[in-house]
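J.: I'm passing along my_file.txt; it holds compact mmCIF, C-alpha atoms.
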# COMPACT_ATOMS: atom_id res chain seq x y z
CA MET A 55 -50.30 -38.80 6.78
CA VAL A 56 -52.54 -40.89 4.53
CA SER A 57 -56.27 -40.69 5.37
CA ILE A 58 -59.27 -42.78 4.37
CA LYS A 59 -60.18 -39.89 2.06
CA ASP A 60 -56.96 -40.54 0.09
CA ILE A 61 -57.77 -44.25 -0.11
CA ALA A 62 -61.32 -43.50 -1.32
CA LYS A 63 -60.03 -41.18 -4.05
CA LYS A 64 -57.48 -43.68 -5.41
CA ALA A 65 -59.89 -46.64 -5.16
CA GLY A 66 -62.76 -44.68 -6.76
CA VAL A 67 -65.20 -45.38 -3.92
CA SER A 68 -66.88 -43.36 -1.18
CA ILE A 69 -65.28 -42.61 2.18
CA SER A 70 -67.99 -44.62 3.95
CA THR A 71 -67.20 -47.66 1.77
CA VAL A 72 -63.53 -47.41 2.76
CA SER A 73 -64.53 -47.20 6.40
CA TYR A 74 -66.75 -50.28 6.10
CA ALA A 75 -63.97 -52.22 4.39
CA LEU A 76 -61.29 -51.33 6.92
CA ASN A 77 -63.56 -52.24 9.83
CA GLY A 78 -64.66 -55.60 8.40
CA SER A 79 -68.28 -54.61 7.83
CA PRO A 80 -70.49 -56.97 5.78
CA LYS A 81 -71.88 -53.92 3.98
CA VAL A 82 -69.18 -54.26 1.29
CA THR A 83 -68.41 -57.23 -0.95
CA GLU A 84 -65.24 -59.26 -0.48
CA GLU A 85 -64.01 -58.09 -3.89
CA THR A 86 -64.40 -54.43 -2.89
CA ARG A 87 -62.81 -55.07 0.48
CA GLN A 88 -59.71 -56.66 -1.07
CA LYS A 89 -59.41 -53.81 -3.56
CA ILE A 90 -59.54 -51.20 -0.78
CA LEU A 91 -57.11 -53.13 1.43
CA ALA A 92 -54.66 -53.33 -1.47
CA VAL A 93 -54.86 -49.56 -1.99
CA ALA A 94 -54.43 -48.95 1.75
CA GLU A 95 -51.32 -51.13 1.76
CA GLU A 96 -49.95 -49.40 -1.33
CA LEU A 97 -50.40 -45.98 0.31
CA LYS A 98 -48.96 -47.30 3.61
CA TYR A 99 -52.09 -46.30 5.49
CA VAL A 100 -51.90 -46.39 9.31
CA PRO A 101 -55.22 -46.20 11.23
CA ASN A 102 -55.63 -43.15 13.44
CA ALA A 103 -56.05 -44.67 16.89
CA ALA A 104 -56.94 -41.35 18.48
CA ALA A 105 -59.76 -40.73 16.04
CA ARG A 106 -61.08 -44.24 16.48
CA THR A 107 -61.03 -43.84 20.25
CA LEU A 108 -63.04 -40.63 20.04
CA LYS A 109 -65.65 -42.45 17.99
CA THR A 110 -65.91 -45.65 20.04
CA ARG A 111 -64.98 -44.05 23.40
CA GLU A 112 -62.76 -47.03 24.23
CA THR A 113 -59.23 -48.20 23.43
CA LYS A 114 -59.49 -51.80 24.72
CA VAL A 115 -56.22 -51.10 26.55
CA ILE A 116 -55.68 -51.13 30.33
CA GLY A 117 -52.80 -49.46 32.14
CA LEU A 118 -51.02 -51.18 35.02
CA TYR A 119 -49.04 -48.63 37.02
CA LEU A 120 -46.09 -49.84 39.12
CA THR A 121 -43.59 -47.82 41.15
CA ASP A 122 -40.80 -49.93 39.63
CA PHE A 123 -40.23 -53.36 38.08
CA GLY A 124 -37.31 -54.51 40.22
CA GLY A 125 -37.10 -57.68 42.28
CA ALA A 126 -38.89 -61.01 42.00
CA PHE A 127 -42.33 -59.80 43.09
CA TYR A 128 -44.00 -58.54 39.91
CA GLY A 129 -43.90 -61.47 37.46
CA ASP A 130 -46.88 -63.43 38.77
CA LEU A 131 -48.88 -60.26 39.42
CA LEU A 132 -48.39 -59.16 35.81
CA GLN A 133 -49.30 -62.60 34.52
CA GLY A 134 -52.55 -62.61 36.48
CA VAL A 135 -53.51 -59.18 35.12
CA LYS A 136 -52.59 -60.09 31.55
CA GLU A 137 -54.43 -63.43 31.45
CA VAL A 138 -57.79 -61.96 32.44
CA LEU A 139 -57.48 -58.93 30.16
CA ASN A 140 -56.47 -60.98 27.13
CA GLN A 141 -59.37 -63.37 27.68
CA LYS A 142 -61.74 -60.40 27.51
CA GLY A 143 -60.15 -58.86 24.41
CA TYR A 144 -58.11 -56.19 26.19
CA ASP A 145 -54.42 -55.41 25.89
CA LEU A 146 -52.13 -54.27 28.69
CA ILE A 147 -49.51 -51.57 28.95
CA VAL A 148 -47.27 -51.46 32.01
CA CYS A 149 -46.41 -47.94 33.11
CA SER A 150 -43.95 -46.35 35.50
CA GLY A 151 -43.20 -42.68 36.05
CA LYS A 152 -45.26 -39.53 36.34
CA ARG A 153 -45.36 -38.74 32.62
CA SER A 154 -47.39 -41.88 31.98
CA HIS A 155 -50.13 -40.60 34.31
CA ARG A 156 -51.51 -38.55 31.40
CA PHE A 157 -52.66 -41.74 29.66
CA LEU A 158 -55.82 -41.66 31.80
CA PRO A 159 -57.11 -38.16 30.99
CA GLU A 160 -55.89 -38.46 27.38
CA ARG A 161 -57.97 -41.64 26.86
CA THR A 162 -54.92 -43.65 25.84
CA ILE A 163 -56.22 -46.32 28.21
CA ASP A 164 -59.74 -47.24 29.30
CA GLY A 165 -58.88 -47.69 32.97
CA ALA A 166 -56.00 -48.26 35.39
CA ILE A 167 -54.74 -50.69 38.00
CA VAL A 168 -52.48 -48.80 40.39
CA LEU A 169 -49.65 -50.08 42.59
CA ASP A 170 -47.62 -46.92 42.27
CA ALA A 171 -46.57 -44.48 44.97
CA THR A 172 -45.92 -41.72 42.39
CA PHE A 173 -49.70 -41.17 42.18
CA SER A 174 -51.00 -38.88 44.91
CA ASP A 175 -54.42 -39.58 46.40
CA LYS A 176 -55.54 -36.16 45.15
CA GLU A 177 -54.55 -37.01 41.57
CA LEU A 178 -56.36 -40.35 41.54
CA LEU A 179 -59.49 -38.78 43.01
CA LYS A 180 -59.34 -36.08 40.31
CA TYR A 181 -59.29 -38.73 37.56
CA ALA A 182 -62.08 -40.66 39.27
CA GLU A 183 -64.15 -37.49 39.38
CA MET A 184 -63.61 -37.22 35.60
CA GLY A 185 -65.26 -40.65 35.26
CA LYS A 186 -62.09 -42.75 34.95
CA LYS A 187 -62.30 -46.27 36.38
CA ILE A 188 -59.44 -47.21 38.69
CA VAL A 189 -58.53 -50.20 40.84
CA VAL A 190 -55.99 -49.46 43.56
CA LEU A 191 -53.82 -52.05 45.27
CA ASP A 192 -51.86 -49.73 47.53
CA ARG A 193 -54.18 -47.23 49.28
CA GLU A 194 -57.69 -46.59 50.55
CA LEU A 195 -59.75 -44.03 48.61
CA ASN A 196 -63.47 -43.43 48.89
CA HIS A 197 -64.97 -42.83 45.44
CA PRO A 198 -67.54 -44.79 43.37
CA ASN A 199 -65.10 -44.97 40.44
CA ILE A 200 -62.30 -46.43 42.60
CA ASN A 201 -62.21 -50.04 43.77
CA HIS A 202 -59.79 -51.55 46.32
CA VAL A 203 -58.20 -54.98 45.93
CA PHE A 204 -56.03 -55.28 49.02
CA LEU A 205 -53.58 -57.81 50.27
CA ASP A 206 -54.36 -58.75 53.87
CA ASN A 207 -51.13 -57.22 55.17
CA LYS A 208 -52.22 -56.98 58.80
CA ALA A 209 -53.19 -60.63 59.00
CA GLY A 210 -49.92 -61.66 57.35
CA ALA A 211 -47.77 -59.59 59.69
CA THR A 212 -49.68 -60.93 62.69
CA LEU A 213 -49.11 -64.52 61.51
CA ALA A 214 -45.39 -63.82 61.22
CA MET A 215 -45.17 -62.32 64.69
CA GLU A 216 -47.20 -65.16 66.18
CA TYR A 217 -44.82 -67.67 64.59
CA LEU A 218 -41.82 -65.97 66.17
CA TRP A 219 -43.65 -65.68 69.51
CA GLU A 220 -44.64 -69.36 69.52
CA ASN A 221 -41.01 -70.27 68.92
CA GLY A 222 -39.96 -68.36 72.03
CA HIS A 223 -38.65 -65.15 70.47
CA ARG A 224 -39.07 -62.03 72.54
CA ARG A 225 -36.37 -59.81 71.00
CA ILE A 226 -37.25 -59.03 67.39
CA TYR A 227 -35.84 -56.76 64.72
CA VAL A 228 -38.28 -55.59 62.04
CA VAL A 229 -36.83 -54.52 58.69
CA THR A 230 -39.39 -52.16 57.16
CA GLY A 231 -40.08 -51.11 53.59
CA PRO A 232 -40.12 -47.63 52.02
CA LYS A 233 -41.94 -45.01 54.08
CA ALA A 234 -44.39 -44.34 51.23
CA SER A 235 -45.32 -48.03 50.84
CA TYR A 236 -48.90 -48.81 51.86
CA ASP A 237 -48.09 -52.52 52.28
CA SER A 238 -45.09 -51.82 54.50
CA ASN A 239 -47.03 -49.38 56.66
CA GLN A 240 -49.92 -51.80 57.14
CA ARG A 241 -47.56 -54.63 58.08
CA LEU A 242 -45.64 -52.40 60.47
CA LYS A 243 -48.85 -51.26 62.13
CA ALA A 244 -49.77 -54.88 62.87
CA VAL A 245 -46.26 -55.57 64.19
CA ARG A 246 -46.48 -52.67 66.62
CA GLN A 247 -49.91 -53.77 67.84
CA PHE A 248 -48.72 -57.34 68.41
CA ALA A 249 -45.56 -56.18 70.17
CA GLU A 250 -47.55 -53.93 72.49
CA ARG A 251 -49.99 -56.71 73.41
CA HIS A 252 -47.19 -59.17 74.18
CA GLU A 253 -44.66 -56.67 75.61
CA LEU A 254 -41.98 -57.61 73.08
CA ASP A 255 -38.64 -55.87 72.57
CA VAL A 256 -38.97 -54.75 68.93
CA LYS A 257 -36.40 -52.65 67.06
CA GLU A 258 -37.27 -51.17 63.68
CA VAL A 259 -34.65 -50.94 60.93
CA GLU A 260 -35.57 -48.98 57.82
CA GLY A 261 -35.31 -50.85 54.52
CA ARG A 262 -36.34 -50.31 50.90
CA PHE A 263 -37.74 -53.73 49.91
CA THR A 264 -34.41 -54.55 48.18
CA LYS A 265 -31.68 -57.14 48.82
CA GLU A 266 -29.19 -54.32 49.28
CA SER A 267 -31.22 -52.73 52.07
CA GLY A 268 -31.52 -56.17 53.67
CA GLU A 269 -27.73 -56.48 53.72
CA LEU A 270 -27.43 -53.06 55.36
CA ALA A 271 -29.96 -54.08 58.01
CA ALA A 272 -28.02 -57.30 58.61
CA GLU A 273 -24.85 -55.30 59.18
CA ARG A 274 -26.52 -53.31 61.97
CA ILE A 275 -28.02 -56.45 63.52
CA PHE A 276 -24.61 -58.16 63.43
CA GLN A 277 -22.95 -55.21 65.17
CA GLU A 278 -25.58 -55.24 67.94
CA TYR A 279 -25.74 -59.04 68.30
CA GLU A 280 -25.53 -60.41 71.85
CA GLU A 281 -27.84 -63.43 71.88
CA PRO A 282 -30.12 -65.40 69.51
CA THR A 283 -32.26 -62.84 67.70
CA ALA A 284 -35.33 -62.94 65.44
CA VAL A 285 -35.78 -60.75 62.38
CA PHE A 286 -39.06 -60.09 60.55
CA CYS A 287 -38.30 -58.71 57.09
CA LEU A 288 -41.39 -57.09 55.64
CA ASN A 289 -40.59 -58.65 52.27
CA ASP A 290 -38.55 -61.63 51.08
CA GLU A 291 -36.14 -59.58 48.98
CA MET A 292 -34.71 -58.03 52.15
CA ALA A 293 -34.64 -61.43 53.84
CA VAL A 294 -32.44 -62.69 50.99
CA GLY A 295 -30.13 -59.75 51.68
CA LEU A 296 -29.82 -60.93 55.30
CA TYR A 297 -28.91 -64.43 54.10
CA MET A 298 -26.21 -62.98 51.86
CA TYR A 299 -24.68 -60.98 54.69
CA PHE A 300 -24.81 -63.53 57.51
CA ARG A 301 -23.25 -66.25 55.36
CA LYS A 302 -20.08 -64.19 55.52
CA THR A 303 -20.15 -64.24 59.34
CA ASP A 304 -19.94 -66.91 62.04
CA LEU A 305 -23.65 -66.49 62.90
CA VAL A 306 -25.86 -69.30 61.63
CA ILE A 307 -29.38 -68.66 60.30
CA GLY A 308 -31.87 -70.77 62.23
CA ARG A 309 -29.55 -71.01 65.23
CA HIS A 310 -28.27 -67.52 66.01
CA ILE A 311 -30.34 -65.42 63.60
CA HIS A 312 -33.98 -66.41 63.01
CA ILE A 313 -35.57 -64.88 59.91
CA ILE A 314 -39.10 -64.69 58.54
CA GLY A 315 -40.09 -62.83 55.38
CA PHE A 316 -43.24 -61.85 53.49
CA ASP A 317 -44.31 -62.62 49.87
CA ASN A 318 -43.05 -66.20 49.37
CA ILE A 319 -41.07 -65.36 46.24
CA GLU A 320 -39.81 -68.38 44.29
CA LEU A 321 -36.29 -68.07 45.68
CA ALA A 322 -37.60 -68.51 49.25
CA GLU A 323 -38.27 -72.19 48.54
CA TYR A 324 -34.72 -72.91 47.39
CA ILE A 325 -32.44 -70.99 49.74
CA SER A 326 -31.10 -72.95 52.69
CA PRO A 327 -32.31 -73.09 55.36
CA ARG A 328 -35.79 -72.73 53.88
CA LEU A 329 -37.09 -69.21 54.55
CA ALA A 330 -40.20 -68.97 56.71
CA THR A 331 -42.52 -66.47 55.03
CA ILE A 332 -46.06 -65.28 54.39
CA ASP A 333 -47.64 -66.64 51.24
CA TYR A 334 -50.45 -65.46 48.96
CA SER A 335 -51.28 -65.75 45.28
CA LYS A 336 -49.80 -62.80 43.39
CA ARG A 337 -51.35 -64.13 40.19
CA LYS A 338 -54.79 -64.19 41.82
CA TRP A 339 -54.23 -60.64 43.08
CA GLY A 340 -53.54 -59.42 39.55
CA ALA A 341 -56.39 -61.45 38.06
CA LEU A 342 -58.91 -60.18 40.60
CA ALA A 343 -57.82 -56.57 40.02
CA SER A 344 -58.44 -57.04 36.28
CA GLU A 345 -61.82 -58.64 36.83
CA GLN A 346 -62.92 -55.80 39.10
CA LEU A 347 -61.82 -53.13 36.64
CA LEU A 348 -63.57 -54.79 33.69
CA LYS A 349 -66.79 -55.03 35.70
CA MET A 350 -66.56 -51.32 36.45
CA LEU A 351 -65.97 -50.50 32.78
CA SER A 352 -69.10 -52.47 31.85
CA GLY A 353 -71.16 -50.51 34.37
CA LYS A 354 -71.48 -53.24 37.00
CA SER A 355 -71.30 -52.51 40.72
CA VAL A 356 -68.39 -54.06 42.62
CA GLU A 357 -67.43 -54.58 46.24
CA HIS A 358 -63.94 -54.08 47.59
CA GLU A 359 -61.93 -57.32 47.63
CA ARG A 360 -59.14 -58.77 49.76
CA ILE A 361 -56.41 -61.33 49.04
CA TYR A 362 -55.86 -63.70 51.95
CA VAL A 363 -52.54 -64.98 53.25
CA LYS A 364 -51.06 -68.00 55.00
CA LEU A 365 -47.90 -68.87 56.90
CA ILE A 366 -45.16 -70.98 55.31
CA PRO A 367 -42.98 -72.39 58.12
CA GLY A 368 -39.26 -72.72 57.51
CA GLU A 369 -36.01 -73.81 59.10
CA SER A 370 -34.85 -70.19 59.11
CA VAL A 371 -36.79 -69.85 62.39
CA GLY A 372 -35.70 -72.15 65.21
CA SER A 373 -37.30 -72.63 68.61
CA LEU A 374 -35.60 -71.03 71.61
CA SER A 375 -37.56 -73.27 73.96
CA ASN A 376 -35.49 -76.26 72.79
CA ARG A 377 -32.23 -74.75 74.04
Would you give me this structure, written as structure tokens?

T.:
Amino acid sequence: MVSIKDIAKKAGVSISTVSYALNGSPKVTEETRQKILAVAEELKYVPNAAARTLKTRETKVIGLYLTDFGGAFYGDLLQGVKEVLNQKGYDLIVCSGKRSHRFLPERTIDGAIVLDATFSDKELLKYAEMGKKIVVLDRELNHPNINHVFLDNKAGATLAMEYLWENGHRRIYVVTGPKASYDSNQRLKAVRQFAERHELDVKEVEGRFTKESGELAAERIFQEYEEPTAVFCLNDEMAVGLYMYFRKTDLVIGRHIHIIGFDNIELAEYISPRLATIDYSKRKWGALASEQLLKMLSGKSVEHERIYVKLIPGESVGSLSNR
């Protein structure tokens, strides 16, 4: 591998002069800079990022960790993260899988935004103890180097249940997400609390936040169907799966099967009947996570933040009181 020592020898200058030239320092003339850059190009010199990081103690790169990239959820979140980082001169790498966890202790990245169930709490706390700055979107951890930017899952789930309740629904299926999902567990907790307060008949069906798991849930609901029934899918992807299944049956969404989702993905606006759902800004969520992490990296104190939600009514939920 070509080093700056090799460039200095061929150009007939000192190593420090080469370093100044490659880093754009005004300490060398433009003529000398061009001469050194020409030699570097001739020798096919590639800067040693690891060595530079050791010197500056920063990479200007942030890692965004996601459990997976499937579904329609992540696009706006990624865009919000990227816009803020790029404005501040940082680049973004999107990571998935346990092997990429080493980027934090190896200083490949300056800090991390985590929405990834493959990280254990113990592992994140270990990195925080090493001085790494981390923003988590999917768990609660108490450490000065860890900041929370949470979606208000409990409020959203309560809004959804209230909407079904106000429309006369007392028998409700809830299609959950993966057992390890913080968002799913928080939404389910709110569902259970609401059901207990209002003495509702709630049945839980396990899902995986995918259309396929929504179709499987719909199959069970269809087999058990006796009367108009409401379904709260804890994300819109699963709700779409219900649409796909019930369109192959004689049950009509909004008349026999009443569905509400969570996330307000773009497709929710265009499927018919319009899906009732819980809305929030995924772009704002990503942007706020980036802003919090950059503040931490600059040594500023930050408070935990929350992304608020609102109900989007839809024709997928009809009123039983009008029957």

J.: What does the distance between CA of Ile90 in chain A and CA of Val115 in chain A come to in Å, to one decimal place?

T.: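 About the pair CA of Ile90 in chain A and CA of Val115 in chain A: they are 27.5 Å apart.
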
J.: What separation in Å, quoted to one decimal, exists between CA of Ala211 in chain A and CA of Leu179 in chain A?

T.: 29.1 Å

J.: Name the closest residue to Arg225 in chain A among the candidates A:Thr113, A:Thr283, A:Thr172, A:Thr264; distances are taken between atoms, counting only C-alpha atoms.

T.: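 Of all the options, A:Thr283 lies closest to Arg225 in chain A.
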
J.: For Gln133 in chain A, which residue out of A:Gln240, A:Ser335, A:Ser373, A:Asn207 is the nearest one, using only C-alpha atoms?

T.: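 Ranked by minimum distance to Gln133 in chain A, first place goes to A:Ser335.
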
J.: Can you list, as a list in words, every protein, DNA or RNA residue that comes within 7 Å of range 313-316 of chain A when you count only C-alpha atoms, leaving out same-chain residues fewer than 4 positions away?

T.: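 After dropping sequence-adjacent residues, the list is Ala214, Ala284, Val285, Phe286, Cys287, Leu288, Asn289, Asp290, Ala293, Leu329, Ala330, Thr331, Ile332, Asp333, Ser370 and Val371 of chain A.
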
J.: Selected residues, C-alpha atoms, written as a PDB file, in the coordinates of the input, please.

T.:
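What landed in again26.pdb:
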ATOM      1  CA  ALA A 214     -45.390 -63.820  61.220  1.00  0.00           C
ATOM      2  CA  ALA A 284     -35.330 -62.940  65.440  1.00  0.00           C
ATOM      3  CA  VAL A 285     -35.780 -60.750  62.380  1.00  0.00           C
ATOM      4  CA  PHE A 286     -39.060 -60.090  60.550  1.00  0.00           C
ATOM      5  CA  CYS A 287     -38.300 -58.710  57.090  1.00  0.00           C
ATOM      6  CA  LEU A 288     -41.390 -57.090  55.640  1.00  0.00           C
ATOM      7  CA  ASN A 289     -40.590 -58.650  52.270  1.00  0.00           C
ATOM      8  CA  ASP A 290     -38.550 -61.630  51.080  1.00  0.00           C
ATOM      9  CA  ALA A 293     -34.640 -61.430  53.840  1.00  0.00           C
ATOM     10  CA  LEU A 329     -37.090 -69.210  54.550  1.00  0.00           C
ATOM     11  CA  ALA A 330     -40.200 -68.970  56.710  1.00  0.00           C
ATOM     12  CA  THR A 331     -42.520 -66.470  55.030  1.00  0.00           C
ATOM     13  CA  ILE A 332     -46.060 -65.280  54.390  1.00  0.00           C
ATOM     14  CA  ASP A 333     -47.640 -66.640  51.240  1.00  0.00           C
ATOM     15  CA  SER A 370     -34.850 -70.190  59.110  1.00  0.00           C
ATOM     16  CA  VAL A 371     -36.790 -69.850  62.390  1.00  0.00           C
TER      17      VAL A 371
END

J.: Nearest to Asp192 in chain A among A:Val72, A:Ala343, A:Glu112, A:Glu291, with distances taken over all atoms listed in the file: which residue is it?

T.: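 Checking each candidate against Asp192 in chain A, we get A:Ala343 as the closest.
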
J.: With all atoms listed in the file as the counted atoms, please give the residues lying no more than 10 Å from Pro327 in chain A, apart from itself and same-chain residues fewer than 5 positions off, as a PDB file with C-alpha atoms, in the frame of the given file.

T.:
ATOM      1  CA  TYR A 297     -28.910 -64.430  54.100  1.00  0.00           C
ATOM      2  CA  VAL A 306     -25.860 -69.300  61.630  1.00  0.00           C
ATOM      3  CA  ILE A 307     -29.380 -68.660  60.300  1.00  0.00           C
ATOM      4  CA  GLY A 308     -31.870 -70.770  62.230  1.00  0.00           C
ATOM      5  CA  ILE A 313     -35.570 -64.880  59.910  1.00  0.00           C
ATOM      6  CA  ALA A 322     -37.600 -68.510  49.250  1.00  0.00           C
ATOM      7  CA  GLY A 368     -39.260 -72.720  57.510  1.00  0.00           C
ATOM      8  CA  GLU A 369     -36.010 -73.810  59.100  1.00  0.00           C
ATOM      9  CA  SER A 370     -34.850 -70.190  59.110  1.00  0.00           C
ATOM     10  CA  VAL A 371     -36.790 -69.850  62.390  1.00  0.00           C
TER      11      VAL A 371
END

J.: Hey, can you check how far CA of Thr86 in chain A sits from CA of Val56 in chain A?

T.: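 Those two atoms sit 19.5 Å apart.
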
J.: Counting all atoms listed in the file, note down every residue that has an atom within 10 Å of the point (-57.5, -42.4, 26.6) (file coordinates), as a PyMOL selection string.

T.: chain A and resi 104+107-108+111-116+156-165+186

J.: Extract, using only C-alpha atoms, all DNA, RNA and protein residues at most 9 Å from Ser344 in chain A, discarding same-chain residues fewer than 4 positions from it, and format them as a VMD selection string.

T.: chain A and resid 116 134 to 139 167 189 339 to 340 348 to 349
